[in-house]
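Visitor: Please find data-v5.pdb (PDB, C-alpha atoms and all ligand atoms) on the next line:
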```
ATOM      1  CA  MET F   1      11.295  -8.972 -18.135  1.00  0.00           C
ATOM      2  CA  ASP F   2       9.206  -7.022 -15.663  1.00  0.00           C
ATOM      3  CA  SER F   3      11.316  -4.925 -13.367  1.00  0.00           C
ATOM      4  CA  PHE F   4       8.862  -4.531 -10.502  1.00  0.00           C
ATOM      5  CA  ARG F   5       5.853  -6.061  -8.824  1.00  0.00           C
ATOM      6  CA  VAL F   6       3.088  -4.471  -6.798  1.00  0.00           C
ATOM      7  CA  VAL F   7       2.572  -6.142  -3.419  1.00  0.00           C
ATOM      8  CA  PRO F   8      -0.539  -5.513  -1.291  1.00  0.00           C
ATOM      9  CA  ILE F   9      -0.577  -5.711   2.508  1.00  0.00           C
ATOM     10  CA  PRO F  10      -0.423  -9.326   3.725  1.00  0.00           C
ATOM     11  CA  GLN F  11      -3.780 -11.048   3.682  1.00  0.00           C
ATOM     12  CA  ALA F  12      -2.942 -12.411   7.151  1.00  0.00           C
ATOM     13  CA  VAL F  13      -2.861  -8.857   8.519  1.00  0.00           C
ATOM     14  CA  ALA F  14      -6.343  -8.163   7.163  1.00  0.00           C
ATOM     15  CA  ASP F  15      -7.641 -11.501   8.426  1.00  0.00           C
ATOM     16  CA  ARG F  16      -6.331 -10.736  11.923  1.00  0.00           C
ATOM     17  CA  ILE F  17      -8.155  -7.375  11.920  1.00  0.00           C
ATOM     18  CA  ARG F  18     -11.336  -9.039  10.633  1.00  0.00           C
ATOM     19  CA  GLU F  19     -11.126 -11.626  13.392  1.00  0.00           C
ATOM     20  CA  THR F  20      -9.862  -9.690  16.420  1.00  0.00           C
ATOM     21  CA  ARG F  21     -10.906  -6.098  15.523  1.00  0.00           C
ATOM     22  CA  LYS F  22      -7.571  -4.957  17.019  1.00  0.00           C
ATOM     23  CA  ASP F  23      -4.679  -3.551  14.988  1.00  0.00           C
ATOM     24  CA  GLY F  24      -1.744  -3.754  17.406  1.00  0.00           C
ATOM     25  CA  HIS F  25      -1.415   0.041  17.328  1.00  0.00           C
ATOM     26  CA  GLY F  26      -3.854   0.693  20.149  1.00  0.00           C
ATOM     27  CA  ASN F  27      -7.097   0.588  18.188  1.00  0.00           C
ATOM     28  CA  THR F  28      -9.548  -1.978  19.504  1.00  0.00           C
ATOM     29  CA  GLY F  29     -13.183  -2.743  18.801  1.00  0.00           C
ATOM     30  CA  ILE F  30     -12.759  -1.734  15.165  1.00  0.00           C
ATOM     31  CA  GLU F  31     -16.237  -1.468  13.660  1.00  0.00           C
ATOM     32  CA  PRO F  32     -17.068  -1.774   9.957  1.00  0.00           C
ATOM     33  CA  THR F  33     -17.773   1.398   7.988  1.00  0.00           C
ATOM     34  CA  ARG F  34     -20.081   1.321   4.975  1.00  0.00           C
ATOM     35  CA  ALA F  35     -18.580   2.877   1.847  1.00  0.00           C
ATOM     36  CA  ASP F  36     -20.861   5.763   0.841  1.00  0.00           C
ATOM     37  CA  ALA F  37     -18.994   6.893  -2.269  1.00  0.00           C
ATOM     38  CA  PRO F  38     -17.587   5.013  -5.265  1.00  0.00           C
ATOM     39  CA  ARG F  39     -14.144   6.357  -4.466  1.00  0.00           C
ATOM     40  CA  GLY F  40     -12.389   6.916  -1.187  1.00  0.00           C
ATOM     41  CA  PHE F  41     -12.418   3.441   0.366  1.00  0.00           C
ATOM     42  CA  PRO F  42      -9.567   1.621  -1.396  1.00  0.00           C
ATOM     43  CA  CYS F  43      -8.995  -1.877  -0.025  1.00  0.00           C
ATOM     44  CA  ARG F  44      -5.270  -2.606   0.562  1.00  0.00           C
ATOM     45  CA  VAL F  45      -5.647  -6.350  -0.002  1.00  0.00           C
ATOM     46  CA  CYS F  46      -7.403  -6.553  -3.403  1.00  0.00           C
ATOM     47  CA  LEU F  47      -6.312  -2.987  -4.307  1.00  0.00           C
ATOM     48  CA  GLU F  48      -9.773  -2.132  -5.566  1.00  0.00           C
ATOM     49  CA  GLU F  49     -12.176   0.576  -4.465  1.00  0.00           C
ATOM     50  CA  ALA F  50     -14.863  -0.718  -2.136  1.00  0.00           C
ATOM     51  CA  LYS F  51     -18.210  -0.316  -3.857  1.00  0.00           C
ATOM     52  CA  VAL F  52     -20.966   1.839  -2.370  1.00  0.00           C
ATOM     53  CA  GLY F  53     -22.665  -0.176   0.366  1.00  0.00           C
ATOM     54  CA  GLU F  54     -19.738  -2.533   0.962  1.00  0.00           C
ATOM     55  CA  GLU F  55     -18.333  -2.701   4.468  1.00  0.00           C
ATOM     56  CA  VAL F  56     -14.719  -1.822   5.156  1.00  0.00           C
ATOM     57  CA  LEU F  57     -12.535  -1.824   8.238  1.00  0.00           C
ATOM     58  CA  LEU F  58     -10.328   1.193   8.975  1.00  0.00           C
ATOM     59  CA  PHE F  59      -7.240   0.570  11.058  1.00  0.00           C
ATOM     60  CA  SER F  60      -3.631   1.631  11.573  1.00  0.00           C
ATOM     61  CA  TYR F  61      -0.927  -0.209   9.671  1.00  0.00           C
ATOM     62  CA  SER F  62       2.836  -0.005   9.333  1.00  0.00           C
ATOM     63  CA  PRO F  63       4.543  -1.262   6.170  1.00  0.00           C
ATOM     64  CA  PHE F  64       7.742  -1.720   8.205  1.00  0.00           C
ATOM     65  CA  GLU F  65       8.364  -4.999   9.958  1.00  0.00           C
ATOM     66  CA  ARG F  66      10.839  -3.687  12.500  1.00  0.00           C
ATOM     67  CA  PRO F  67      11.330  -0.529  14.555  1.00  0.00           C
ATOM     68  CA  VAL F  68      13.464   1.712  12.335  1.00  0.00           C
ATOM     69  CA  PRO F  69      13.625   5.535  12.412  1.00  0.00           C
ATOM     70  CA  TYR F  70      11.615   5.841   9.182  1.00  0.00           C
ATOM     71  CA  ARG F  71       8.887   3.552  10.458  1.00  0.00           C
ATOM     72  CA  SER F  72       5.486   5.081   9.885  1.00  0.00           C
ATOM     73  CA  VAL F  73       2.037   3.996  10.973  1.00  0.00           C
ATOM     74  CA  GLY F  74      -1.043   5.196   9.168  1.00  0.00           C
ATOM     75  CA  PRO F  75      -4.676   4.583   8.279  1.00  0.00           C
ATOM     76  CA  VAL F  76      -5.753   1.950   5.733  1.00  0.00           C
ATOM     77  CA  PHE F  77      -9.021   0.335   4.684  1.00  0.00           C
ATOM     78  CA  VAL F  78      -9.615  -3.318   3.898  1.00  0.00           C
ATOM     79  CA  HIS F  79     -12.837  -5.012   2.882  1.00  0.00           C
ATOM     80  CA  ALA F  80     -14.625  -6.312   6.003  1.00  0.00           C
ATOM     81  CA  ARG F  81     -15.282  -9.538   4.098  1.00  0.00           C
ATOM     82  CA  SER F  82     -12.494 -11.756   2.836  1.00  0.00           C
ATOM     83  CA  CYS F  83     -11.288 -10.678  -0.623  1.00  0.00           C
ATOM     84  CA  ALA F  84      -8.808 -11.954  -3.197  1.00  0.00           C
ATOM     85  CA  PRO F  85      -5.347 -10.391  -2.810  1.00  0.00           C
ATOM     86  CA  TYR F  86      -3.912  -8.351  -5.669  1.00  0.00           C
ATOM     87  CA  GLY F  87      -1.054 -10.122  -7.375  1.00  0.00           C
ATOM     88  CA  PRO F  88       1.717  -9.616  -6.555  1.00  0.00           C
ATOM     89  CA  ARG F  89       1.991  -8.584 -10.171  1.00  0.00           C
ATOM     90  CA  ALA F  90       3.753  -6.149 -12.420  1.00  0.00           C
ATOM     91  CA  SER F  91       0.750  -4.018 -13.325  1.00  0.00           C
ATOM     92  CA  VAL F  92      -0.266  -0.852 -11.513  1.00  0.00           C
ATOM     93  CA  PRO F  93      -3.709  -1.095  -9.886  1.00  0.00           C
ATOM     94  CA  GLU F  94      -6.365   1.118 -11.439  1.00  0.00           C
ATOM     95  CA  LEU F  95      -7.030   2.888  -8.143  1.00  0.00           C
ATOM     96  CA  MET F  96      -3.527   4.394  -8.267  1.00  0.00           C
ATOM     97  CA  ARG F  97      -3.897   5.711 -11.806  1.00  0.00           C
ATOM     98  CA  SER F  98      -6.134   8.645 -10.972  1.00  0.00           C
ATOM     99  CA  ARG F  99      -4.381   9.652  -7.765  1.00  0.00           C
ATOM    100  CA  LEU F 100      -1.363  11.720  -6.913  1.00  0.00           C
ATOM    101  CA  ILE F 101       1.056   9.151  -5.488  1.00  0.00           C
ATOM    102  CA  SER F 102       3.997   9.675  -3.192  1.00  0.00           C
ATOM    103  CA  LEU F 103       6.820   7.170  -3.682  1.00  0.00           C
ATOM    104  CA  ARG F 104       9.419   6.595  -0.976  1.00  0.00           C
ATOM    105  CA  ALA F 105      12.280   4.246  -1.751  1.00  0.00           C
ATOM    106  CA  TYR F 106      14.197   2.402   0.975  1.00  0.00           C
ATOM    107  CA  ASP F 107      17.453   0.492   1.047  1.00  0.00           C
ATOM    108  CA  SER F 108      17.873  -2.962   2.561  1.00  0.00           C
ATOM    109  CA  ARG F 109      18.157  -1.377   6.032  1.00  0.00           C
ATOM    110  CA  ASP F 110      14.881   0.530   5.646  1.00  0.00           C
ATOM    111  CA  ARG F 111      16.594   3.887   5.215  1.00  0.00           C
ATOM    112  CA  MET F 112      14.892   6.248   2.764  1.00  0.00           C
ATOM    113  CA  VAL F 113      17.129   6.923  -0.232  1.00  0.00           C
ATOM    114  CA  GLU F 114      14.690   8.428  -2.763  1.00  0.00           C
ATOM    115  CA  CYS F 115      11.326  10.175  -2.478  1.00  0.00           C
ATOM    116  CA  ASP F 116       9.076  12.089  -4.822  1.00  0.00           C
ATOM    117  CA  VAL F 117       5.465  12.654  -5.852  1.00  0.00           C
ATOM    118  CA  VAL F 118       4.057  11.478  -9.189  1.00  0.00           C
ATOM    119  CA  ASP F 119       0.777  11.426 -11.098  1.00  0.00           C
ATOM    120  CA  GLY F 120      -0.393   7.804 -10.848  1.00  0.00           C
ATOM    121  CA  ALA F 121      -0.816   7.692 -14.627  1.00  0.00           C
ATOM    122  CA  ALA F 122       2.963   8.015 -14.957  1.00  0.00           C
ATOM    123  CA  LEU F 123       3.965   5.771 -12.079  1.00  0.00           C
ATOM    124  CA  GLU F 124       6.157   3.301 -13.985  1.00  0.00           C
ATOM    125  CA  ALA F 125       8.669   5.931 -15.093  1.00  0.00           C
ATOM    126  CA  MET F 126       9.400   7.020 -11.543  1.00  0.00           C
ATOM    127  CA  VAL F 127       9.522   3.435 -10.289  1.00  0.00           C
ATOM    128  CA  ALA F 128      12.083   2.685 -13.009  1.00  0.00           C
ATOM    129  CA  ARG F 129      14.076   5.783 -12.074  1.00  0.00           C
ATOM    130  CA  PHE F 130      14.166   4.791  -8.397  1.00  0.00           C
ATOM    131  CA  PHE F 131      15.113   1.188  -9.161  1.00  0.00           C
ATOM    132  CA  ALA F 132      17.951   2.479 -11.351  1.00  0.00           C
ATOM    133  CA  ASN F 133      19.566   3.361  -8.028  1.00  0.00           C
ATOM    134  CA  PRO F 134      21.147   0.042  -6.952  1.00  0.00           C
ATOM    135  CA  GLU F 135      20.728   0.968  -3.273  1.00  0.00           C
ATOM    136  CA  VAL F 136      16.941   0.891  -3.569  1.00  0.00           C
ATOM    137  CA  ALA F 137      15.505  -2.358  -2.198  1.00  0.00           C
ATOM    138  CA  CYS F 138      11.811  -1.493  -2.231  1.00  0.00           C
ATOM    139  CA  ILE F 139       9.402   1.385  -2.675  1.00  0.00           C
ATOM    140  CA  HIS F 140       6.397   2.341  -0.562  1.00  0.00           C
ATOM    141  CA  ALA F 141       3.500   4.017  -2.361  1.00  0.00           C
ATOM    142  CA  HIS F 142       1.191   6.379  -0.474  1.00  0.00           C
ATOM    143  CA  ASN F 143      -1.767   8.475  -1.546  1.00  0.00           C
ATOM    144  CA  ALA F 144       0.081  11.783  -1.601  1.00  0.00           C
ATOM    145  CA  ARG F 145      -2.864  13.945  -0.550  1.00  0.00           C
ATOM    146  CA  ALA F 146      -4.311  11.821   2.261  1.00  0.00           C
ATOM    147  CA  GLY F 147      -0.969  10.290   3.218  1.00  0.00           C
ATOM    148  CA  CYS F 148      -2.298   6.736   3.456  1.00  0.00           C
ATOM    149  CA  PHE F 149      -0.101   3.772   2.550  1.00  0.00           C
ATOM    150  CA  VAL F 150      -1.264   1.988  -0.630  1.00  0.00           C
ATOM    151  CA  CYS F 151       1.196  -0.816  -1.408  1.00  0.00           C
ATOM    152  CA  ARG F 152       4.802  -1.911  -1.654  1.00  0.00           C
ATOM    153  CA  ILE F 153       6.593  -2.015  -4.994  1.00  0.00           C
ATOM    154  CA  GLU F 154       9.395  -4.559  -5.115  1.00  0.00           C
ATOM    155  CA  ARG F 155      12.245  -4.998  -7.533  1.00  0.00           C
ATOM    156  CA  THR F 156      12.081  -8.206  -9.577  1.00  0.00           C
ATOM    157  CA  ALA F 157      14.729  -7.947 -12.277  1.00  0.00           C
ATOM    158  CA  GLY F 158      17.929  -7.404 -10.334  1.00  0.00           C
ATOM    159  CA  LYS F 159      19.977  -4.251 -10.599  1.00  0.00           C
ATOM    160  CA  ALA F 160      19.205  -1.896 -13.446  1.00  0.00           C
TER     161      ALA F 160
HETATM  162 ZN    ZN F 201     -10.528  -6.052  -0.841  1.00  0.00          ZN
END
```
Could you show the structure in this file as structure tokens?
Ligand SMILES: [Zn+2]

Guide:
Amino acid sequence: MDSFRVVPIPQAVADRIRETRKDGHGNTGIEPTRADAPRGFPCRVCLEEAKVGEEVLLFSYSPFERPVPYRSVGPVFVHARSCAPYGPRASVPELMRSRLISLRAYDSRDRMVECDVVDGAALEAMVARFFANPEVACIHAHNARAGCFVCRIERTAGKA
């Protein structure tokens, strides 16, 4: 059985940005940016790199749903057009494979209980190690170098 699933940001969040051009973190009038490199504009809904020439929207996003001390807000891209959400599924998106990824694991009260940095090619081993800790409820993945949130990783197979 798969022990985890990769969950992108909610499509509804992206749709609200596309419609209102406001992110709820003080940024308004969000204008599309055209991707000018094959890498560097990863969409957080489909979890694919925007292709050169595609339009993306850059806004601030928090993966936390409530105001907790560990709550962070940071920059993310989504395709300016509607796109098909990734999964949720148990495979690691290709765009994480070639990046240095920071994993932060939180308990059910959104308190950080594990954190480390891993080569994206070896992501599963660290995810398994974190989920071996029964306190861990979910993991947030960030691009370690740029610091941007990539996706949530949720436990699917109960306690290890
Ligand atoms: Zn997309």

Visitor: Run through the PyMOL selection byres (((not hetatm)) within 6 of (chain F and resi 201)) on the given coordinates and return the selected residues as a count of residues only.

Guide: 6

Visitor: With distances taken over all atoms listed in the file, which residue among F:Val92, F:Ala14, F:Ala132, F:Ala105 lies nearest Arg44 of chain F?

Guide: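 Going through F:Val92, F:Ala14, F:Ala132, F:Ala105 one by one, the smallest distance to Arg44 of chain F is for F:Ala14.
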
Visitor: Taking all atoms listed in the file into account, name the residue in F:Ser62, F:Gln11, F:Thr33, F:Asn143 that is nearest to Pro88 of chain F.

Guide: F:Gln11

Visitor: In Å, rounded to a single decimal, give me how far atom CA of Phe149 of chain F is from atom CA of Ala50 of chain F.

Guide: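 These two atoms are separated by 16.1 Å.
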
Visitor: For a quick check of understanding, using only C-alpha atoms, which of F:Leu58, F:Val113, F:Ala37, F:Met96 has the smallest distance to Ala137 of chain F?

Guide: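 When distances to Ala137 of chain F are compared using only C-alpha atoms, the smallest one comes from F:Val113.
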
Visitor: Using all atoms listed in the file, which of the listed residues (F:Ala35, F:Ala80, F:Val6, F:Ile153) sits closest to Arg18 of chain F?

Guide: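 Between F:Ala35, F:Ala80, F:Val6, F:Ile153, the residue approaching Arg18 of chain F most closely is F:Ala80.
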
Visitor: Ranking F:Tyr106, F:Pro38, F:Pro134, F:Arg97 by minimum distance to Ala122 of chain F and counting all atoms listed in the file, which one comes first?

Guide: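 Closest to Ala122 of chain F, using all atoms listed in the file: F:Arg97.
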
Visitor: Provide an axis-aligned box for all listed atoms of segment 46-65 of chain F, padding each side by 3 Å; report its centre and its edge lengths in Å to one decimal, as lines of an AutoDock Vina configuration file.

Guide:
```
center_x = -7.2
center_y = -2.4
center_z = 3.0
size_x = 37.0
size_y = 14.4
size_z = 23.1
```

Visitor: Which one is closest to Ser82 of chain F: F:Leu57, F:Ile139, F:Met112, F:Ala144? Count all atoms listed in the file.

Guide: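 When distances to Ser82 of chain F are compared using all atoms listed in the file, the smallest one comes from F:Leu57.
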
Visitor: Which residues match the PyMOL selection byres (((chain F and resi 120) around 10) and not hetatm) in the file above, as a PyMOL selection string?

Guide: chain F and resi 92-102+117-119+121-124+126+143

Visitor: Just want the 10 Å neighbourhood of Arg111 of chain F, counted on all atoms listed in the file, with same-chain residues fewer than 2 positions away dropped. Output as a PyMOL selection string.

Guide: chain F and resi 68-71+104-109+113-114+135-137
